[in-house]
Each structure stands twice: as structure tokens, then as C-alpha cells.
Amino acid sequence: MTDRYAVFGHPVSHSKSPLIHAAFAEQTEQDLSYQAIDAPHDGFAEAWKTFITQGGRGANVTVPFKEQAHLLCDQLSERAQRAGAVNTLWLATDGTTHGDTTDGLGLVADLQRNNVRLTGARILLLGAGGAVRGVLEPLLNEQPAALFVANRTADKACALAADFSDLGAVSGGGFASVTGQFDVIINGTSASLGGKLPPLCDGLFADGSVAYDMMYGAEPTVFMRWADAQGAKTLDGLGMLVEQAAASFSIWRGKQPDVTPVLATLRQQLS
Ligand code: ATR
């Protein structure tokens with residue numbers, strides 16, 4: 001029987017994951033199917049159980065189920081434990097459900113593919129929600145010189161930084177407390193969705209710095225336009241999407257797909 005994979009979300013019809021994983025499977029000659037499953041808001045655990053009784057081997061999990069997925073796992077990677085969220089599930093041979101999170105790996109891989117140096121860099125990370133929590137460990141593993149988490153609600157940024165302070169030089173505060181210059185500024189707030197810009201002062205970009213928005217769209221986000229006007233190189237989160245999918249695929253199938261052609265197809269479809 002063909003191995004079945006899926007992405008669970010609600011809503012999920014917009015998801016690009018089926019297209020991405022079909023392309024990865026073709027590239028690496030893996031016999032598998034991958035579908036999008038819209039689970040009821042309070043019915044994720046049931047939906048996963050039903051899926052595995054029907055040949056499901058693994059899944060991606062997106063909004064709003066990442067925390068519920070974290071709760072149902074029998075085994076979690078250390079990364080997923082810290083993130084409090086899971087975006088990749090798989091069924092082990094003993095029938096237990098394992099979980100990991102590849103969002104942060106995807107971000108770091110995309111930055112590295114774009115030749116952005118993280119080791120020794122001064123990084124500013126905007127936001128303190130689930131998206132930012134999910135990327136902190138892989139970013140800190142690259143040993144930046146300093147990582148500052150800035151958020152509209154300053155307390156949340158401080159608490160988040162404290163949770164990860166054993167991994168490196170991370171601190172947090174409100175937007176008004178952001179000073180100095182940064183080599184990399186990453187927007188992990190959901191402000192871009194509403195076309196809003198986090199209230200930051202100008203002059204935060206060091207020479208040759210990079211602005212990365214974890215969101216993406218047909219047009220550059222308002223954050224990218226703001227950064228571009230100040231001379232920063234800008235990147236959106238489409239590459240992170242494809243890279244996190246590649247990391248999930250490699251966990252499931254033991255094969256590392258080539259993201260470049262898949263990213264090019266998605267970029268073309270967006271424009
Ligand atoms: P996600 O899972 O996408 O991270 P979330 O956990 O709801 O979603 O977090 C959203 C993040 O975007 C938070 O950091 C939020 O700031 P608050 O913690 O102060 O709520 C931030 N955010 C949302 N809208 C924003 C805006 N207009 N300006 C600045 N930050 C915003």
C-alpha cells in the first residue's frame with residue numbers, strides 16, 4: 001500500500017504542502033501520497049487516529065493544531081518540547097506517535113541558503129508568539145553574538161527570552177527598548193497579515209544587513225518595504241515554508257530533497 005501523508009489544519013485548503021511534498025516525492029522517487037485534511041477545531045486527535053488506521057504514516061500540522069499535536073505525542077524531540085508545538089508527526093514502528101518541529105530548521109536553512117551569516121551576528125527577532133518560540137532554539141544553536149526578542153507586549157518577550165537563556169545570549173523587551181544596530185532583523189509578528197508594521201525606529205540596520213519576514217505574499221510585505229527603504233537586503237518566508245517541508249520529508253523518508261526547483265515553481269505561482 002502507498003504510504004500516506006497529510007497536512008492537518010483548519011482551514012487548510014490554501015496549503016501549499018501537498019504540492020511541495022508531491023514534488024519532493026517525485027524528485028526522490030518515493031511512492032507516497034500527500035493530502036490536505038481539514039480537521040474540526042476540537043477534533044484533531046481523533047482525526048490523526050483515524051488517519052493512521054487508514055495507512056497514515058506521518059503528517060504536517062498547521063494552524064490551529066500545533067499545540068494539540070504537541071500534547072498527543074508519545075515521544076517529542078527536545079526542540080519540540082521547548083517549542084511547545086509540533087509541525088511534524090510520524091508513526092514509529094512500535095505504533096507510537098513521534099513529534100518534532102521543523103519551522104526553526106526551515107528558517108535557519110533558508111537564511112543559510114541565502115548566505116546570511118548567523119554565527120557572531122546581532123539578531124533582532126520581532127514578536128513573541130508561537131512562531132517566534134518555534135525558531136528560537138535553531139537560531140541560538142548558530143551562536144549569534146546577541147539575539148534580542150522585541151514584542152508589542154514586552155513581558156512576553158522577556159519571559160520567552162528567559163525560557164531560552166541557557167542556549168545563548170538572548171534577551172527581550174518592548175519595541176521601544178530596541179537600540180543599536182543589527183545584522184539580521186526577523187519579523188515573526190503577525191502584523192504583516194494586517195498590513196501593519198511593528199513600531200520601530202529607523203537606523204536599526206547595520207551595513208549589509210538582512211531583513212527577513214516569516215510571512216510571504218505576491219508582493220513584498222510592509223516590513224520588507226520599510227527595510228528595503230533603509231538599504232537592507234530583504235527576504236520573505238516562502239523559502240522557510242519549503243525548507244521546513246524538506247526537513248519534515250527528510251525525517252519521514254530519510255531523503256533530502258532539493259528545494260530550489262520547488263521554490264521557483266511556488267514563486268512563479270505567487271506572482
Ligand atoms: P503566531 O503563532 O503567528 O506567532 P501568536 O502566537 O498569536 O501568533 O503571536 C502573534 C505575535 O504577533 C505576537 O507577538 C503579537 O504581539 P502581542 O504579543 O503583543 O500580542 C504580534 N502582533 C500581532 N499584531 C501586531 C501588530 N499590529 N503590531 C505588532 N505586533 C503584533
# chains A, B, ... in the order shown; residues from 1 in each chain; ligands from 1

$ residues_near_ligand --ligand "ligand 1" --cutoff "8 Å" --atoms "only C-alpha atoms and all ligand atoms" --output "list in words"
Val63, Leu126, Gly127, Ala128, Gly129, Gly130, Ala131, Val132, Arg133, Asn151, Arg152, Thr153, Ala154, Lys156, Ala157, Gly188, Thr189, Ser190, Ala191, Ser192, Gly194, Lys196, Leu197, Pro198 and Pro199 of chain A

$ write_last_selection --atoms "N, CA and C atoms" --output "PDB file, in the first residue's frame"
ATOM      1  N   VAL A  63      -1.767  25.647  11.617  1.00  0.00           N
ATOM      2  CA  VAL A  63      -2.726  26.387  12.456  1.00  0.00           C
ATOM      3  C   VAL A  63      -4.111  25.745  12.349  1.00  0.00           C
ATOM      4  N   LEU A 126      11.425  39.931  15.995  1.00  0.00           N
ATOM      5  CA  LEU A 126      10.215  40.689  16.348  1.00  0.00           C
ATOM      6  C   LEU A 126       9.044  39.748  16.580  1.00  0.00           C
ATOM      7  N   GLY A 127       8.393  39.877  17.743  1.00  0.00           N
ATOM      8  CA  GLY A 127       7.255  39.026  18.074  1.00  0.00           C
ATOM      9  C   GLY A 127       7.624  38.080  19.202  1.00  0.00           C
ATOM     10  N   ALA A 128       6.613  37.558  19.875  1.00  0.00           N
ATOM     11  CA  ALA A 128       6.869  36.616  20.975  1.00  0.00           C
ATOM     12  C   ALA A 128       5.750  35.577  21.058  1.00  0.00           C
ATOM     13  N   GLY A 129       5.138  35.286  19.906  1.00  0.00           N
ATOM     14  CA  GLY A 129       4.098  34.272  19.855  1.00  0.00           C
ATOM     15  C   GLY A 129       4.671  32.909  19.490  1.00  0.00           C
ATOM     16  N   GLY A 130       3.798  32.017  19.069  1.00  0.00           N
ATOM     17  CA  GLY A 130       4.203  30.650  18.745  1.00  0.00           C
ATOM     18  C   GLY A 130       5.242  30.596  17.640  1.00  0.00           C
ATOM     19  N   ALA A 131       5.101  31.469  16.645  1.00  0.00           N
ATOM     20  CA  ALA A 131       6.027  31.435  15.506  1.00  0.00           C
ATOM     21  C   ALA A 131       7.451  31.728  15.966  1.00  0.00           C
ATOM     22  N   VAL A 132       7.604  32.683  16.873  1.00  0.00           N
ATOM     23  CA  VAL A 132       8.937  33.054  17.356  1.00  0.00           C
ATOM     24  C   VAL A 132       9.475  31.986  18.307  1.00  0.00           C
ATOM     25  N   ARG A 133       8.635  31.492  19.206  1.00  0.00           N
ATOM     26  CA  ARG A 133       9.069  30.421  20.113  1.00  0.00           C
ATOM     27  C   ARG A 133       9.638  29.234  19.311  1.00  0.00           C
ATOM     28  N   ASN A 151       8.843  42.699  21.427  1.00  0.00           N
ATOM     29  CA  ASN A 151       7.423  42.420  21.218  1.00  0.00           C
ATOM     30  C   ASN A 151       6.576  43.587  21.698  1.00  0.00           C
ATOM     31  N   ARG A 152       5.376  43.713  21.067  1.00  0.00           N
ATOM     32  CA  ARG A 152       4.412  44.748  21.494  1.00  0.00           C
ATOM     33  C   ARG A 152       4.155  44.615  22.995  1.00  0.00           C
ATOM     34  N   THR A 153       3.909  43.385  23.448  1.00  0.00           N
ATOM     35  CA  THR A 153       3.741  43.137  24.884  1.00  0.00           C
ATOM     36  C   THR A 153       5.112  42.730  25.424  1.00  0.00           C
ATOM     37  N   ALA A 154       5.788  43.686  26.067  1.00  0.00           N
ATOM     38  CA  ALA A 154       7.191  43.479  26.449  1.00  0.00           C
ATOM     39  C   ALA A 154       7.372  42.268  27.368  1.00  0.00           C
ATOM     40  N   LYS A 156       5.959  39.450  27.477  1.00  0.00           N
ATOM     41  CA  LYS A 156       6.000  38.165  26.767  1.00  0.00           C
ATOM     42  C   LYS A 156       7.388  37.920  26.168  1.00  0.00           C
ATOM     43  N   ALA A 157       8.003  38.992  25.669  1.00  0.00           N
ATOM     44  CA  ALA A 157       9.348  38.869  25.087  1.00  0.00           C
ATOM     45  C   ALA A 157      10.366  38.515  26.172  1.00  0.00           C
ATOM     46  N   GLY A 188       8.673  38.085  13.075  1.00  0.00           N
ATOM     47  CA  GLY A 188       7.849  36.912  13.383  1.00  0.00           C
ATOM     48  C   GLY A 188       6.526  37.312  14.005  1.00  0.00           C
ATOM     49  N   THR A 189       6.155  38.604  13.881  1.00  0.00           N
ATOM     50  CA  THR A 189       4.833  39.029  14.363  1.00  0.00           C
ATOM     51  C   THR A 189       3.812  38.699  13.270  1.00  0.00           C
ATOM     52  N   SER A 190       2.546  38.731  13.656  1.00  0.00           N
ATOM     53  CA  SER A 190       1.516  38.541  12.629  1.00  0.00           C
ATOM     54  C   SER A 190       1.050  39.892  12.087  1.00  0.00           C
ATOM     55  N   ALA A 191       1.826  40.954  12.374  1.00  0.00           N
ATOM     56  CA  ALA A 191       1.431  42.297  11.938  1.00  0.00           C
ATOM     57  C   ALA A 191       1.327  42.401  10.412  1.00  0.00           C
ATOM     58  N   SER A 192       2.223  41.700   9.693  1.00  0.00           N
ATOM     59  CA  SER A 192       2.223  41.772   8.227  1.00  0.00           C
ATOM     60  C   SER A 192       0.887  41.341   7.639  1.00  0.00           C
ATOM     61  N   GLY A 194      -2.009  41.967   8.608  1.00  0.00           N
ATOM     62  CA  GLY A 194      -2.928  43.108   8.561  1.00  0.00           C
ATOM     63  C   GLY A 194      -2.300  44.320   7.893  1.00  0.00           C
ATOM     64  N   LYS A 196       0.365  45.782   8.736  1.00  0.00           N
ATOM     65  CA  LYS A 196       0.894  46.716   9.747  1.00  0.00           C
ATOM     66  C   LYS A 196       2.387  46.474   9.975  1.00  0.00           C
ATOM     67  N   LEU A 197       3.040  47.524  10.453  1.00  0.00           N
ATOM     68  CA  LEU A 197       4.474  47.469  10.713  1.00  0.00           C
ATOM     69  C   LEU A 197       4.697  47.567  12.218  1.00  0.00           C
ATOM     70  N   PRO A 198       5.504  46.692  12.806  1.00  0.00           N
ATOM     71  CA  PRO A 198       5.825  46.902  14.222  1.00  0.00           C
ATOM     72  C   PRO A 198       6.455  48.286  14.391  1.00  0.00           C
ATOM     73  N   PRO A 199       6.106  49.012  15.446  1.00  0.00           N
ATOM     74  CA  PRO A 199       6.603  50.386  15.605  1.00  0.00           C
ATOM     75  C   PRO A 199       8.070  50.423  16.033  1.00  0.00           C
TER      76      PRO A 199
END

$ select_by_dssp --residues "range 35-167 of chain A" --states "strand (DSSP E)" --output "PyMOL selection string"
chain A and resi 35-38+56-61+75-76+88-91+97-100+122-126+146-151

$ residues_around --residues "Thr53 in chain A" --least-positions-apart "4" --cutoff "12 Å" --atoms "only C-alpha atoms" --output "ChimeraX atom specification"
/A:4,46-49,57-58,91,95

$ write_last_selection --atoms "N, CA and C atoms" --output "PDB file, in the first residue's frame"
ATOM      1  N   ARG A   4       0.818   6.908   3.237  1.00  0.00           N
ATOM      2  CA  ARG A   4       0.012   8.140   3.210  1.00  0.00           C
ATOM      3  C   ARG A   4       0.573   9.192   4.169  1.00  0.00           C
ATOM      4  N   GLU A  46      -8.589  12.926  17.209  1.00  0.00           N
ATOM      5  CA  GLU A  46      -9.427  11.902  16.558  1.00  0.00           C
ATOM      6  C   GLU A  46      -9.035  11.751  15.088  1.00  0.00           C
ATOM      7  N   ALA A  47      -8.853  12.898  14.436  1.00  0.00           N
ATOM      8  CA  ALA A  47      -8.542  12.889  13.005  1.00  0.00           C
ATOM      9  C   ALA A  47      -7.201  12.185  12.752  1.00  0.00           C
ATOM     10  N   TRP A  48      -6.214  12.425  13.601  1.00  0.00           N
ATOM     11  CA  TRP A  48      -4.907  11.764  13.461  1.00  0.00           C
ATOM     12  C   TRP A  48      -5.064  10.257  13.659  1.00  0.00           C
ATOM     13  N   LYS A  49      -5.825   9.856  14.697  1.00  0.00           N
ATOM     14  CA  LYS A  49      -6.016   8.416  14.972  1.00  0.00           C
ATOM     15  C   LYS A  49      -6.698   7.735  13.789  1.00  0.00           C
ATOM     16  N   ARG A  57       1.161   7.494   7.648  1.00  0.00           N
ATOM     17  CA  ARG A  57       2.499   7.257   8.225  1.00  0.00           C
ATOM     18  C   ARG A  57       3.056   8.489   8.908  1.00  0.00           C
ATOM     19  N   GLY A  58       2.597   9.668   8.453  1.00  0.00           N
ATOM     20  CA  GLY A  58       3.126  10.893   9.032  1.00  0.00           C
ATOM     21  C   GLY A  58       2.310  12.086   8.574  1.00  0.00           C
ATOM     22  N   LEU A  91       4.485   8.021  12.630  1.00  0.00           N
ATOM     23  CA  LEU A  91       4.137   6.811  13.357  1.00  0.00           C
ATOM     24  C   LEU A  91       5.380   5.923  13.402  1.00  0.00           C
ATOM     25  N   GLY A  95       4.199   1.677  16.801  1.00  0.00           N
ATOM     26  CA  GLY A  95       2.833   2.223  16.847  1.00  0.00           C
ATOM     27  C   GLY A  95       2.687   3.506  17.648  1.00  0.00           C
TER      28      GLY A  95
END

$ residues_around --residues "range 255-270 of chain A" --least-positions-apart "5" --cutoff "8 Å" --atoms "only C-alpha atoms" --output "PDB file with N, CA and C atoms, in the first residue's frame"
ATOM      1  N   ILE A  20       4.119  20.819  -2.549  1.00  0.00           N
ATOM      2  CA  ILE A  20       5.549  20.733  -2.211  1.00  0.00           C
ATOM      3  C   ILE A  20       5.959  19.273  -2.027  1.00  0.00           C
ATOM      4  N   ALA A  23       6.056  17.190  -5.171  1.00  0.00           N
ATOM      5  CA  ALA A  23       7.276  17.482  -5.945  1.00  0.00           C
ATOM      6  C   ALA A  23       8.487  16.784  -5.318  1.00  0.00           C
ATOM      7  N   PHE A  24       8.589  16.816  -3.991  1.00  0.00           N
ATOM      8  CA  PHE A  24       9.715  16.143  -3.313  1.00  0.00           C
ATOM      9  C   PHE A  24       9.669  14.635  -3.587  1.00  0.00           C
ATOM     10  N   GLN A  27      10.822  13.907  -7.142  1.00  0.00           N
ATOM     11  CA  GLN A  27      12.281  14.114  -7.213  1.00  0.00           C
ATOM     12  C   GLN A  27      13.061  12.948  -6.636  1.00  0.00           C
ATOM     13  N   THR A  28      12.619  12.448  -5.490  1.00  0.00           N
ATOM     14  CA  THR A  28      13.400  11.435  -4.762  1.00  0.00           C
ATOM     15  C   THR A  28      12.851  10.018  -4.994  1.00  0.00           C
ATOM     16  N   GLY A 217       4.001  36.744   0.395  1.00  0.00           N
ATOM     17  CA  GLY A 217       2.836  37.052  -0.425  1.00  0.00           C
ATOM     18  C   GLY A 217       3.304  37.371  -1.830  1.00  0.00           C
ATOM     19  N   ALA A 218       2.363  37.739  -2.694  1.00  0.00           N
ATOM     20  CA  ALA A 218       2.719  38.068  -4.077  1.00  0.00           C
ATOM     21  C   ALA A 218       3.602  39.316  -4.109  1.00  0.00           C
ATOM     22  N   LEU A 238       8.756  32.496   2.049  1.00  0.00           N
ATOM     23  CA  LEU A 238       8.415  31.371   1.164  1.00  0.00           C
ATOM     24  C   LEU A 238       9.489  30.278   1.220  1.00  0.00           C
ATOM     25  N   GLY A 239      10.736  30.716   1.293  1.00  0.00           N
ATOM     26  CA  GLY A 239      11.834  29.747   1.387  1.00  0.00           C
ATOM     27  C   GLY A 239      11.780  28.951   2.679  1.00  0.00           C
ATOM     28  N   VAL A 242       9.265  26.118   2.294  1.00  0.00           N
ATOM     29  CA  VAL A 242       9.745  24.967   1.522  1.00  0.00           C
ATOM     30  C   VAL A 242      10.832  24.223   2.302  1.00  0.00           C
ATOM     31  N   GLU A 243      11.670  24.963   3.007  1.00  0.00           N
ATOM     32  CA  GLU A 243      12.749  24.329   3.784  1.00  0.00           C
ATOM     33  C   GLU A 243      12.195  23.520   4.969  1.00  0.00           C
ATOM     34  N   ALA A 246      10.984  20.367   3.568  1.00  0.00           N
ATOM     35  CA  ALA A 246      12.099  19.477   3.217  1.00  0.00           C
ATOM     36  C   ALA A 246      12.626  18.766   4.465  1.00  0.00           C
ATOM     37  N   ALA A 247      12.679  19.490   5.585  1.00  0.00           N
ATOM     38  CA  ALA A 247      13.158  18.877   6.835  1.00  0.00           C
ATOM     39  C   ALA A 247      12.174  17.802   7.304  1.00  0.00           C
ATOM     40  N   PHE A 249      10.146  16.065   5.338  1.00  0.00           N
ATOM     41  CA  PHE A 249      10.263  14.975   4.353  1.00  0.00           C
ATOM     42  C   PHE A 249      11.470  14.099   4.669  1.00  0.00           C
ATOM     43  N   SER A 250      12.555  14.755   5.053  1.00  0.00           N
ATOM     44  CA  SER A 250      13.780  14.010   5.343  1.00  0.00           C
ATOM     45  C   SER A 250      13.617  13.174   6.627  1.00  0.00           C
TER      46      SER A 250
END

$ residues_around --residues "range 71-73 of chain A" --least-positions-apart "5" --cutoff "6 Å" --atoms "only C-alpha atoms" --output "PDB file with C-alpha atoms, in the first residue's frame"
ATOM      1  CA  THR A  97       3.339   8.813  17.642  1.00  0.00           C
ATOM      2  CA  HIS A  98       6.501  10.919  17.462  1.00  0.00           C
ATOM      3  CA  GLY A  99       6.651  14.693  17.039  1.00  0.00           C
TER       4      GLY A  99
END

$ atom_distance --atom1 "CA of Gln181 in chain A" --atom2 "CA of Ala169 in chain A"
15.9 Å

$ closest_residue --among "A:Cys158, A:Leu76, A:Leu136, A:Ile251" --to "Asn60 in chain A" --atoms "only C-alpha atoms"
A:Ile251

$ select_by_dssp --residues "range 183-268 of chain A" --states "alpha helix (DSSP H)" --output "PyMOL selection string"
chain A and resi 222-229+238-253+259-268

$ atom_distance --atom1 "CA of Ser248 in chain A" --atom2 "CA of Thr50 in chain A"
21.0 Å

$ closest_residue --among "A:Phe148, A:Phe205, A:Trp90, A:Phe65" --to "Val170 in chain A" --atoms "only C-alpha atoms"
A:Phe148

$ closest_residue --among "A:Gly55, A:Pro144, A:Gly195, A:Gly43" --to "Arg225 in chain A" --atoms "only C-alpha atoms"
A:Gly195

$ residues_around --residues "Ile186 in chain A" --least-positions-apart "3" --cutoff "9 Å" --atoms "only C-alpha atoms" --output "compact mmCIF listing (two decimals) with all heavy atoms, in the first residue's frame"
# COMPACT_ATOMS: atom_id res chain seq x y z
N ILE A 123 21.25 39.70 16.13
CA ILE A 123 19.93 39.38 15.55
C ILE A 123 18.83 40.04 16.37
O ILE A 123 18.84 39.98 17.60
CB ILE A 123 19.71 37.85 15.53
CG1 ILE A 123 20.81 37.15 14.73
CG2 ILE A 123 18.34 37.51 14.95
CD1 ILE A 123 20.69 35.62 14.70
N LEU A 124 17.87 40.65 15.66
CA LEU A 124 16.67 41.18 16.30
C LEU A 124 15.49 40.36 15.80
O LEU A 124 15.28 40.21 14.59
CB LEU A 124 16.48 42.66 15.92
CG LEU A 124 15.18 43.33 16.37
CD1 LEU A 124 15.06 43.35 17.90
CD2 LEU A 124 15.11 44.77 15.82
N LEU A 125 14.74 39.80 16.74
CA LEU A 125 13.60 38.95 16.39
C LEU A 125 12.35 39.65 16.90
O LEU A 125 12.23 39.95 18.10
CB LEU A 125 13.82 37.59 17.09
CG LEU A 125 12.96 36.40 16.78
CD1 LEU A 125 12.81 36.18 15.29
CD2 LEU A 125 13.59 35.15 17.41
N LEU A 126 11.42 39.93 15.99
CA LEU A 126 10.21 40.69 16.35
C LEU A 126 9.04 39.75 16.58
O LEU A 126 8.73 38.93 15.71
CB LEU A 126 9.86 41.66 15.22
CG LEU A 126 11.00 42.58 14.76
CD1 LEU A 126 10.57 43.39 13.54
CD2 LEU A 126 11.43 43.51 15.89
N VAL A 210 20.32 42.17 6.78
CA VAL A 210 19.25 41.43 6.11
C VAL A 210 17.97 41.54 6.93
O VAL A 210 17.99 41.42 8.15
CB VAL A 210 19.66 39.94 5.99
CG1 VAL A 210 18.51 39.08 5.48
CG2 VAL A 210 20.87 39.80 5.07
N ALA A 211 16.86 41.77 6.22
CA ALA A 211 15.54 41.77 6.87
C ALA A 211 14.76 40.58 6.35
O ALA A 211 14.65 40.38 5.13
CB ALA A 211 14.80 43.07 6.52
N TYR A 212 14.24 39.76 7.26
CA TYR A 212 13.55 38.54 6.86
C TYR A 212 12.13 38.58 7.43
O TYR A 212 11.94 38.72 8.64
CB TYR A 212 14.29 37.33 7.44
CG TYR A 212 13.83 36.00 6.86
CD1 TYR A 212 14.59 35.36 5.89
CD2 TYR A 212 12.65 35.41 7.28
CE1 TYR A 212 14.17 34.15 5.35
CE2 TYR A 212 12.23 34.21 6.74
CZ TYR A 212 13.00 33.58 5.78
OH TYR A 212 12.58 32.38 5.24
N ASP A 213 11.13 38.45 6.58
CA ASP A 213 9.75 38.38 7.07
C ASP A 213 9.31 36.92 6.99
O ASP A 213 9.39 36.30 5.92
CB ASP A 213 8.82 39.26 6.22
CG ASP A 213 7.55 39.61 7.00
OD1 ASP A 213 7.08 38.76 7.79
OD2 ASP A 213 7.03 40.73 6.82
N MET A 214 8.86 36.37 8.11
CA MET A 214 8.42 34.97 8.10
C MET A 214 7.12 34.80 7.31
O MET A 214 6.72 33.68 7.00
CB MET A 214 8.30 34.45 9.54
CG MET A 214 9.70 34.16 10.12
SD MET A 214 9.81 34.04 11.92
CE MET A 214 8.81 32.62 12.25

$ closest_residue --among "A:Ala45, A:Leu89, A:Ala25, A:Ala161" --to "Ala6 in chain A" --atoms "only C-alpha atoms"
A:Leu89

$ decode --residues "range 113-142 of chain A" --atoms "C-alpha atoms" --output "compact mmCIF listing (two decimals), in the first residue's frame"
# COMPACT_ATOMS: atom_id res chain seq x y z
CA ARG A 113 20.92 29.16 1.55
CA ASN A 114 20.80 32.93 1.06
CA ASN A 115 24.30 33.28 2.52
CA VAL A 116 23.15 35.10 5.64
CA ARG A 117 25.74 34.68 8.40
CA LEU A 118 24.18 33.93 11.78
CA THR A 119 27.22 32.93 13.82
CA GLY A 120 28.52 36.03 15.57
CA ALA A 121 25.66 38.14 14.18
CA ARG A 122 23.50 40.57 16.10
CA ILE A 123 19.93 39.38 15.55
CA LEU A 124 16.67 41.18 16.30
CA LEU A 125 13.60 38.95 16.39
CA LEU A 126 10.21 40.69 16.35
CA GLY A 127 7.26 39.03 18.07
CA ALA A 128 6.87 36.62 20.98
CA GLY A 129 4.10 34.27 19.86
CA GLY A 130 4.20 30.65 18.75
CA ALA A 131 6.03 31.43 15.51
CA VAL A 132 8.94 33.05 17.36
CA ARG A 133 9.07 30.42 20.11
CA GLY A 134 9.39 27.80 17.37
CA VAL A 135 12.52 29.32 15.82
CA LEU A 136 14.49 30.40 18.88
CA GLU A 137 16.40 27.19 19.55
CA PRO A 138 17.73 26.64 15.99
CA LEU A 139 18.70 30.34 15.78
CA LEU A 140 20.56 30.23 19.11
CA ASN A 141 22.29 27.00 18.05
CA GLU A 142 24.01 29.07 15.35
